[in-house]
Amino acid sequence: MNREHWKELLPVITAFANGEDVQIKDGDDWLAVVSPSFREPAPLYRIAPKPRKVWINEYLEDGNSVFKSHATRQDADDFATEGRIACHEIELPPLP
């Protein structure tokens, strides 16, 4: 393995050293790795994606609930319009 191999892997190794989960590609799937060897080519490793949080403003319009999503709670509050009846925090699964 040459210096370039390790340079490509450095962000993943650093994340692993800092306690983040690492995955390795196995066909079309990404599998969790408990003790990575980092011997395989760099593109086969990645930092495991984290769940995403979104905030949903709920409004009542003509007797029906209407929902508008926002990336942060602050955005949800800043863009709330009259008639908001709730703001829901939702955790979504990680993107592949």
# chains A, B, ... in the order shown; residues from 1 in each chain; ligands from 1
call {"tool": "residues_around", "arguments": {"residues": "Pro36 of chain A", "least_positions_apart": "4", "cutoff": "10 Å", "atoms": "only C-alpha atoms", "output": "PyMOL selection string"}}
result
chain A and resi 13+16+22-24+32+40+45
call {"tool": "write_last_selection", "arguments": {"atoms": "C-alpha atoms", "output": "compact mmCIF listing (two decimals), in the first residue's frame"}}
result
# COMPACT_ATOMS: atom_id res chain seq x y z
CA ILE A 13 -9.63 6.43 9.71
CA PHE A 16 -13.24 5.73 13.16
CA VAL A 22 -17.36 2.77 9.49
CA GLN A 23 -18.82 0.62 6.74
CA ILE A 24 -17.33 -1.48 3.96
CA ALA A 32 -20.76 -2.26 9.51
CA GLU A 40 -8.98 -2.90 0.89
CA TYR A 45 -14.86 2.23 2.94
call {"tool": "select_by_dssp", "arguments": {"residues": "segment 1-75 of chain A", "states": "strand (DSSP E or B)", "output": "number ranges by chain"}}
result
A: 22-26, 29-33, 45-47, 52-61, 64-70
call {"tool": "write_last_selection", "arguments": {"atoms": "N, CA and C atoms", "output": "PDB file, in the first residue's frame"}}
result
ATOM      1  N   VAL A  22     -17.920   2.915  10.837  1.00  0.00           N
ATOM      2  CA  VAL A  22     -17.363   2.772   9.493  1.00  0.00           C
ATOM      3  C   VAL A  22     -18.034   1.589   8.822  1.00  0.00           C
ATOM      4  N   GLN A  23     -18.227   1.702   7.517  1.00  0.00           N
ATOM      5  CA  GLN A  23     -18.823   0.617   6.737  1.00  0.00           C
ATOM      6  C   GLN A  23     -17.904   0.243   5.587  1.00  0.00           C
ATOM      7  N   ILE A  24     -18.061  -0.999   5.125  1.00  0.00           N
ATOM      8  CA  ILE A  24     -17.326  -1.480   3.957  1.00  0.00           C
ATOM      9  C   ILE A  24     -18.337  -1.971   2.931  1.00  0.00           C
ATOM     10  N   LYS A  25     -18.041  -1.750   1.662  1.00  0.00           N
ATOM     11  CA  LYS A  25     -18.946  -2.141   0.581  1.00  0.00           C
ATOM     12  C   LYS A  25     -18.784  -3.625   0.312  1.00  0.00           C
ATOM     13  N   ASP A  26     -19.930  -4.303   0.230  1.00  0.00           N
ATOM     14  CA  ASP A  26     -19.965  -5.728  -0.080  1.00  0.00           C
ATOM     15  C   ASP A  26     -21.017  -5.907  -1.162  1.00  0.00           C
ATOM     16  N   ASP A  29     -24.266  -3.729  -1.028  1.00  0.00           N
ATOM     17  CA  ASP A  29     -24.591  -3.388   0.357  1.00  0.00           C
ATOM     18  C   ASP A  29     -23.403  -2.761   1.074  1.00  0.00           C
ATOM     19  N   TRP A  30     -23.720  -1.955   2.074  1.00  0.00           N
ATOM     20  CA  TRP A  30     -22.712  -1.411   2.983  1.00  0.00           C
ATOM     21  C   TRP A  30     -22.886  -2.115   4.323  1.00  0.00           C
ATOM     22  N   LEU A  31     -21.802  -2.717   4.834  1.00  0.00           N
ATOM     23  CA  LEU A  31     -21.844  -3.470   6.077  1.00  0.00           C
ATOM     24  C   LEU A  31     -21.027  -2.773   7.150  1.00  0.00           C
ATOM     25  N   ALA A  32     -21.506  -2.833   8.387  1.00  0.00           N
ATOM     26  CA  ALA A  32     -20.763  -2.257   9.505  1.00  0.00           C
ATOM     27  C   ALA A  32     -19.468  -3.039   9.709  1.00  0.00           C
ATOM     28  N   VAL A  33     -18.418  -2.311  10.059  1.00  0.00           N
ATOM     29  CA  VAL A  33     -17.122  -2.927  10.338  1.00  0.00           C
ATOM     30  C   VAL A  33     -16.733  -2.577  11.772  1.00  0.00           C
ATOM     31  N   TYR A  45     -14.551   1.802   1.576  1.00  0.00           N
ATOM     32  CA  TYR A  45     -14.855   2.231   2.937  1.00  0.00           C
ATOM     33  C   TYR A  45     -15.626   3.544   2.916  1.00  0.00           C
ATOM     34  N   ARG A  46     -16.452   3.726   3.936  1.00  0.00           N
ATOM     35  CA  ARG A  46     -17.104   5.016   4.118  1.00  0.00           C
ATOM     36  C   ARG A  46     -17.482   5.182   5.593  1.00  0.00           C
ATOM     37  N   ILE A  47     -17.687   6.430   5.964  1.00  0.00           N
ATOM     38  CA  ILE A  47     -18.221   6.737   7.277  1.00  0.00           C
ATOM     39  C   ILE A  47     -19.713   6.445   7.200  1.00  0.00           C
ATOM     40  N   ARG A  52     -31.131  11.574   9.749  1.00  0.00           N
ATOM     41  CA  ARG A  52     -31.348  13.008   9.530  1.00  0.00           C
ATOM     42  C   ARG A  52     -32.549  13.461  10.328  1.00  0.00           C
ATOM     43  N   LYS A  53     -32.469  14.664  10.853  1.00  0.00           N
ATOM     44  CA  LYS A  53     -33.610  15.252  11.540  1.00  0.00           C
ATOM     45  C   LYS A  53     -34.194  16.348  10.664  1.00  0.00           C
ATOM     46  N   VAL A  54     -35.502  16.398  10.641  1.00  0.00           N
ATOM     47  CA  VAL A  54     -36.212  17.491   9.978  1.00  0.00           C
ATOM     48  C   VAL A  54     -37.307  17.963  10.929  1.00  0.00           C
ATOM     49  N   TRP A  55     -37.726  19.177  10.720  1.00  0.00           N
ATOM     50  CA  TRP A  55     -38.797  19.748  11.523  1.00  0.00           C
ATOM     51  C   TRP A  55     -39.955  20.045  10.599  1.00  0.00           C
ATOM     52  N   ILE A  56     -41.124  19.616  11.007  1.00  0.00           N
ATOM     53  CA  ILE A  56     -42.323  19.728  10.188  1.00  0.00           C
ATOM     54  C   ILE A  56     -43.299  20.686  10.864  1.00  0.00           C
ATOM     55  N   ASN A  57     -43.624  21.765  10.146  1.00  0.00           N
ATOM     56  CA  ASN A  57     -44.688  22.654  10.622  1.00  0.00           C
ATOM     57  C   ASN A  57     -46.017  22.082  10.148  1.00  0.00           C
ATOM     58  N   GLU A  58     -46.955  21.991  11.059  1.00  0.00           N
ATOM     59  CA  GLU A  58     -48.290  21.496  10.736  1.00  0.00           C
ATOM     60  C   GLU A  58     -49.282  22.653  10.808  1.00  0.00           C
ATOM     61  N   TYR A  59     -50.074  22.758   9.764  1.00  0.00           N
ATOM     62  CA  TYR A  59     -51.101  23.789   9.673  1.00  0.00           C
ATOM     63  C   TYR A  59     -52.442  23.120   9.447  1.00  0.00           C
ATOM     64  N   LEU A  60     -53.486  23.788   9.821  1.00  0.00           N
ATOM     65  CA  LEU A  60     -54.834  23.309   9.538  1.00  0.00           C
ATOM     66  C   LEU A  60     -55.433  24.236   8.487  1.00  0.00           C
ATOM     67  N   GLU A  61     -55.692  23.673   7.310  1.00  0.00           N
ATOM     68  CA  GLU A  61     -56.269  24.443   6.212  1.00  0.00           C
ATOM     69  C   GLU A  61     -57.508  23.722   5.699  1.00  0.00           C
ATOM     70  N   ASN A  64     -58.110  20.253   6.912  1.00  0.00           N
ATOM     71  CA  ASN A  64     -57.097  19.234   6.626  1.00  0.00           C
ATOM     72  C   ASN A  64     -55.736  19.675   7.160  1.00  0.00           C
ATOM     73  N   SER A  65     -54.957  18.709   7.606  1.00  0.00           N
ATOM     74  CA  SER A  65     -53.592  19.023   8.028  1.00  0.00           C
ATOM     75  C   SER A  65     -52.718  19.203   6.797  1.00  0.00           C
ATOM     76  N   VAL A  66     -51.900  20.238   6.834  1.00  0.00           N
ATOM     77  CA  VAL A  66     -50.920  20.523   5.783  1.00  0.00           C
ATOM     78  C   VAL A  66     -49.565  20.597   6.465  1.00  0.00           C
ATOM     79  N   PHE A  67     -48.558  19.986   5.855  1.00  0.00           N
ATOM     80  CA  PHE A  67     -47.240  19.904   6.470  1.00  0.00           C
ATOM     81  C   PHE A  67     -46.193  20.562   5.579  1.00  0.00           C
ATOM     82  N   LYS A  68     -45.269  21.281   6.203  1.00  0.00           N
ATOM     83  CA  LYS A  68     -44.150  21.898   5.483  1.00  0.00           C
ATOM     84  C   LYS A  68     -42.881  21.582   6.257  1.00  0.00           C
ATOM     85  N   SER A  69     -41.888  21.016   5.558  1.00  0.00           N
ATOM     86  CA  SER A  69     -40.672  20.572   6.246  1.00  0.00           C
ATOM     87  C   SER A  69     -39.572  21.629   6.184  1.00  0.00           C
ATOM     88  N   HIS A  70     -38.682  21.550   7.186  1.00  0.00           N
ATOM     89  CA  HIS A  70     -37.558  22.473   7.294  1.00  0.00           C
ATOM     90  C   HIS A  70     -36.349  21.713   7.827  1.00  0.00           C
TER      91      HIS A  70
END
call {"tool": "atom_distance", "arguments": {"atom1": "atom CA of Ala17 of chain A", "atom2": "atom CA of Leu95 of chain A"}}
result
22.9 Å
call {"tool": "closest_residue", "arguments": {"among": "A:Glu4, A:Thr72, A:Ala15, A:Asp77", "to": "Ile90 of chain A", "atoms": "only C-alpha atoms"}}
result
A:Thr72
call {"tool": "atom_distance", "arguments": {"atom1": "atom CA of Lys50 of chain A", "atom2": "atom CA of Pro96 of chain A"}}
result
9.9 Å
call {"tool": "select_by_dssp", "arguments": {"residues": "chain A", "states": "alpha helix (DSSP H)", "output": "PyMOL selection string"}}
result
chain A and resi 3-17+73-78
call {"tool": "write_last_selection", "arguments": {"atoms": "C-alpha atoms", "output": "short mmCIF file (atom, residue, chain, number, x, y, z; two decimals), in the first residue's frame"}}
result
data_model
loop_
_atom_site.label_atom_id
_atom_site.label_comp_id
_atom_site.auth_asym_id
_atom_site.auth_seq_id
_atom_site.Cartn_x
_atom_site.Cartn_y
_atom_site.Cartn_z
CA ARG A 3 1.01 6.83 0.55
CA GLU A 4 -1.95 7.70 -1.71
CA HIS A 5 -3.95 4.76 -0.33
CA TRP A 6 -3.55 6.10 3.21
CA LYS A 7 -4.24 9.70 2.18
CA GLU A 8 -7.55 8.62 0.64
CA LEU A 9 -8.48 6.68 3.76
CA LEU A 10 -7.43 9.36 6.24
CA PRO A 11 -10.92 10.91 6.71
CA VAL A 12 -12.44 7.46 7.36
CA ILE A 13 -9.63 6.43 9.71
CA THR A 14 -9.94 9.72 11.60
CA ALA A 15 -13.71 9.30 11.92
CA PHE A 16 -13.24 5.73 13.16
CA ALA A 17 -10.63 6.89 15.70
CA ARG A 73 -35.96 24.05 14.13
CA GLN A 74 -34.88 27.66 13.68
CA ASP A 75 -35.99 27.59 10.03
CA ALA A 76 -39.30 26.02 11.06
CA ASP A 77 -39.87 28.83 13.53
CA ASP A 78 -38.62 31.58 11.19
#
call {"tool": "atom_distance", "arguments": {"atom1": "atom CA of Gly27 of chain A", "atom2": "atom CA of Pro41 of chain A"}}
result
13.9 Å
call {"tool": "closest_residue", "arguments": {"among": "A:Asp21, A:Leu92, A:Glu82, A:Asp62", "to": "Ala48 of chain A", "atoms": "only C-alpha atoms"}}
result
A:Asp21
